[in-house]
Amino acid sequence: MSLKKIDHLGIAVPSLAEAIPFYRDVLGLKYHGQEEVADQKVRTAFFEIGEVHLELLEPTSPESPIAKFIEKNGGRGGIHHIAYDVDSVPEKLAELTAKGVAVIDKVPRPGANKKLIAFLHPKSTGSVLTELCQPA
C-alpha cells in the first residue's frame, strides 16, 4: 500500500489567536475553523492550499507534546510533523512495523479534522515526526 499524498503539515504555535490572522488575512489561505482534540491536549486550526492543508496546533495544557515542542524551540513553535494520506492506517502501520519502522501509535486513534491517525517514531524516519491519516 502506497502513500496517496501529503495530507497536511502540522505547525506548532503558541497562540492560534495570534497565528490565524497571518495565514488567513496576510497569506489569504482558506480557513476551515478550529477544533479541540482533548486527548491530545491541543486546539487546531486548518487552512487549505491546493490539495494540502496546514494544521496549526496550539497546546491546551503544559503537558501537551505540542507545549513541550514549543518550549524546546524557545517558545516560537515551528513545523512539527508531516502527515500522509493513506487508504488504511491499520494496514499501513502493519506494513511499516513489519519493515522494522518504530511507531508511536501501535493502533490508530481519532485525530483532528475527522481523521483516523497514527504517528511513526522520528528515530525511524530521519528525525521527522510522521503521521499517517485517513478519513474516519
# chains A, B, ... in the order shown; residues from 1 in each chain; ligands from 1
$ residues_around --residues "region 61-75 of chain A" --least-positions-apart "4" --cutoff "9 Å" --atoms "only C-alpha atoms" --output "number ranges by chain"
A: 12-14, 40-42, 57, 80
$ residues_around --residues "Ala118 (chain A)" --least-positions-apart "6" --cutoff "6 Å" --atoms "only C-alpha atoms" --output "JSON, numbers by chain"
{"A": [105, 108, 131, 132]}
$ residues_around --residues "Gln34 (chain A)" --least-positions-apart "3" --cutoff "9 Å" --atoms "only C-alpha atoms" --output "list in words"
Leu16, Tyr31, Arg43, Thr44, Ala45 and Phe46 of chain A
$ select_by_dssp --residues "region 1-61 of chain A" --states "helix (DSSP H, G or I)" --output "PyMOL selection string"
chain A and resi 16-26+38-40
$ write_last_selection --atoms "N, CA and C atoms" --output "short mmCIF file (atom, residue, chain, number, x, y, z; two decimals), in the first residue's frame"
data_model
loop_
_atom_site.label_atom_id
_atom_site.label_comp_id
_atom_site.auth_asym_id
_atom_site.auth_seq_id
_atom_site.Cartn_x
_atom_site.Cartn_y
_atom_site.Cartn_z
N LEU A 16 -3.17 30.34 18.71
CA LEU A 16 -3.95 30.37 17.47
C LEU A 16 -4.44 31.78 17.18
N ALA A 17 -4.87 32.49 18.21
CA ALA A 17 -5.39 33.84 18.02
C ALA A 17 -4.36 34.75 17.36
N GLU A 18 -3.09 34.55 17.67
CA GLU A 18 -2.03 35.36 17.06
C GLU A 18 -1.61 34.83 15.70
N ALA A 19 -1.69 33.52 15.48
CA ALA A 19 -1.20 32.92 14.23
C ALA A 19 -2.22 32.96 13.10
N ILE A 20 -3.50 32.77 13.42
CA ILE A 20 -4.53 32.67 12.38
C ILE A 20 -4.55 33.88 11.44
N PRO A 21 -4.49 35.12 11.94
CA PRO A 21 -4.55 36.26 11.01
C PRO A 21 -3.46 36.24 9.93
N PHE A 22 -2.28 35.74 10.24
CA PHE A 22 -1.22 35.68 9.23
C PHE A 22 -1.62 34.75 8.10
N TYR A 23 -2.05 33.54 8.43
CA TYR A 23 -2.38 32.55 7.40
C TYR A 23 -3.65 32.93 6.64
N ARG A 24 -4.64 33.47 7.34
CA ARG A 24 -5.93 33.81 6.73
C ARG A 24 -5.89 35.16 6.02
N ASP A 25 -5.41 36.19 6.71
CA ASP A 25 -5.52 37.56 6.19
C ASP A 25 -4.31 38.00 5.37
N VAL A 26 -3.12 37.60 5.78
CA VAL A 26 -1.92 38.01 5.06
C VAL A 26 -1.66 37.09 3.87
N ALA A 38 -9.15 16.93 22.68
CA ALA A 38 -8.88 16.89 24.13
C ALA A 38 -7.83 15.85 24.50
N ASP A 39 -7.90 14.65 23.93
CA ASP A 39 -6.95 13.60 24.34
C ASP A 39 -5.52 13.91 23.90
N GLN A 40 -5.35 14.79 22.92
CA GLN A 40 -4.00 15.20 22.50
C GLN A 40 -3.59 16.54 23.11
#
$ residues_around --residues "Val52 (chain A)" --least-positions-apart "6" --cutoff "12 Å" --atoms "only C-alpha atoms" --output "PDB file with C-alpha atoms, in the first residue's frame"
ATOM      1  CA  LYS A   4      -1.516   8.755  -1.582  1.00  0.00           C
ATOM      2  CA  LYS A   5      -0.449  12.349  -0.989  1.00  0.00           C
ATOM      3  CA  ILE A   6       0.704  14.802   1.634  1.00  0.00           C
ATOM      4  CA  ASP A   7      -2.429  15.481   3.669  1.00  0.00           C
ATOM      5  CA  HIS A   8      -1.122  18.267   5.867  1.00  0.00           C
ATOM      6  CA  LEU A   9       1.816  19.889   7.592  1.00  0.00           C
ATOM      7  CA  GLY A  10       1.478  20.345  11.345  1.00  0.00           C
ATOM      8  CA  LEU A  29      -5.414  30.875   2.715  1.00  0.00           C
ATOM      9  CA  LYS A  30      -8.884  29.375   3.038  1.00  0.00           C
ATOM     10  CA  PHE A  46      -6.903  24.152   9.428  1.00  0.00           C
ATOM     11  CA  ILE A  82       4.199  15.897   8.097  1.00  0.00           C
ATOM     12  CA  ALA A  83       1.060  13.835   7.538  1.00  0.00           C
ATOM     13  CA  TYR A  84       0.460  11.428   4.665  1.00  0.00           C
ATOM     14  CA  ASP A  85      -2.942  10.305   3.433  1.00  0.00           C
TER      15      ASP A  85
END
$ select_by_dssp --residues "region 33-136 of chain A" --states "strand (DSSP E or B)" --output "ChimeraX atom specification"
/A:33-37,42-49,52-59,78-85,103,109-110,115-120,130-135
$ write_last_selection --atoms "C-alpha atoms" --output "short mmCIF file (atom, residue, chain, number, x, y, z; two decimals), in the first residue's frame"
data_model
loop_
_atom_site.label_atom_id
_atom_site.label_comp_id
_atom_site.auth_asym_id
_atom_site.auth_seq_id
_atom_site.Cartn_x
_atom_site.Cartn_y
_atom_site.Cartn_z
CA GLY A 33 -12.12 26.75 11.53
CA GLN A 34 -10.90 25.46 14.87
CA GLU A 35 -11.28 22.19 16.73
CA GLU A 36 -10.12 20.93 20.10
CA VAL A 37 -8.67 17.43 20.37
CA VAL A 42 -4.35 20.66 21.51
CA ARG A 43 -6.59 23.09 19.70
CA THR A 44 -6.20 23.07 15.92
CA ALA A 45 -6.95 25.40 13.02
CA PHE A 46 -6.90 24.15 9.43
CA PHE A 47 -6.06 26.07 6.27
CA GLU A 48 -6.18 24.92 2.66
CA ILE A 49 -3.57 25.47 -0.02
CA VAL A 52 -2.57 20.23 1.08
CA HIS A 53 -3.73 21.59 4.42
CA LEU A 54 -1.81 23.39 7.12
CA GLU A 55 -2.75 22.38 10.66
CA LEU A 56 -1.87 24.93 13.31
CA LEU A 57 -1.53 23.29 16.73
CA GLU A 58 -1.90 25.24 19.96
CA PRO A 59 -1.31 23.42 23.27
CA GLY A 78 7.56 25.73 14.08
CA ILE A 79 6.96 22.79 11.77
CA HIS A 80 6.02 19.84 13.97
CA HIS A 81 5.08 16.99 11.61
CA ILE A 82 4.20 15.90 8.10
CA ALA A 83 1.06 13.83 7.54
CA TYR A 84 0.46 11.43 4.66
CA ASP A 85 -2.94 10.31 3.43
CA VAL A 103 5.83 3.54 15.75
CA ARG A 109 -6.69 6.83 17.16
CA PRO A 110 -9.10 9.67 16.41
CA LYS A 115 -9.29 11.67 10.63
CA LEU A 116 -8.02 8.36 11.94
CA ILE A 117 -4.32 8.86 12.71
CA ALA A 118 -1.12 7.17 13.87
CA PHE A 119 2.41 8.53 14.30
CA LEU A 120 5.71 6.94 13.29
CA THR A 130 5.46 11.42 10.54
CA GLU A 131 1.71 10.95 10.73
CA LEU A 132 -0.46 8.56 8.75
CA CYS A 133 -4.09 9.58 8.34
CA GLN A 134 -7.32 8.59 6.66
CA PRO A 135 -10.88 9.89 6.84
#
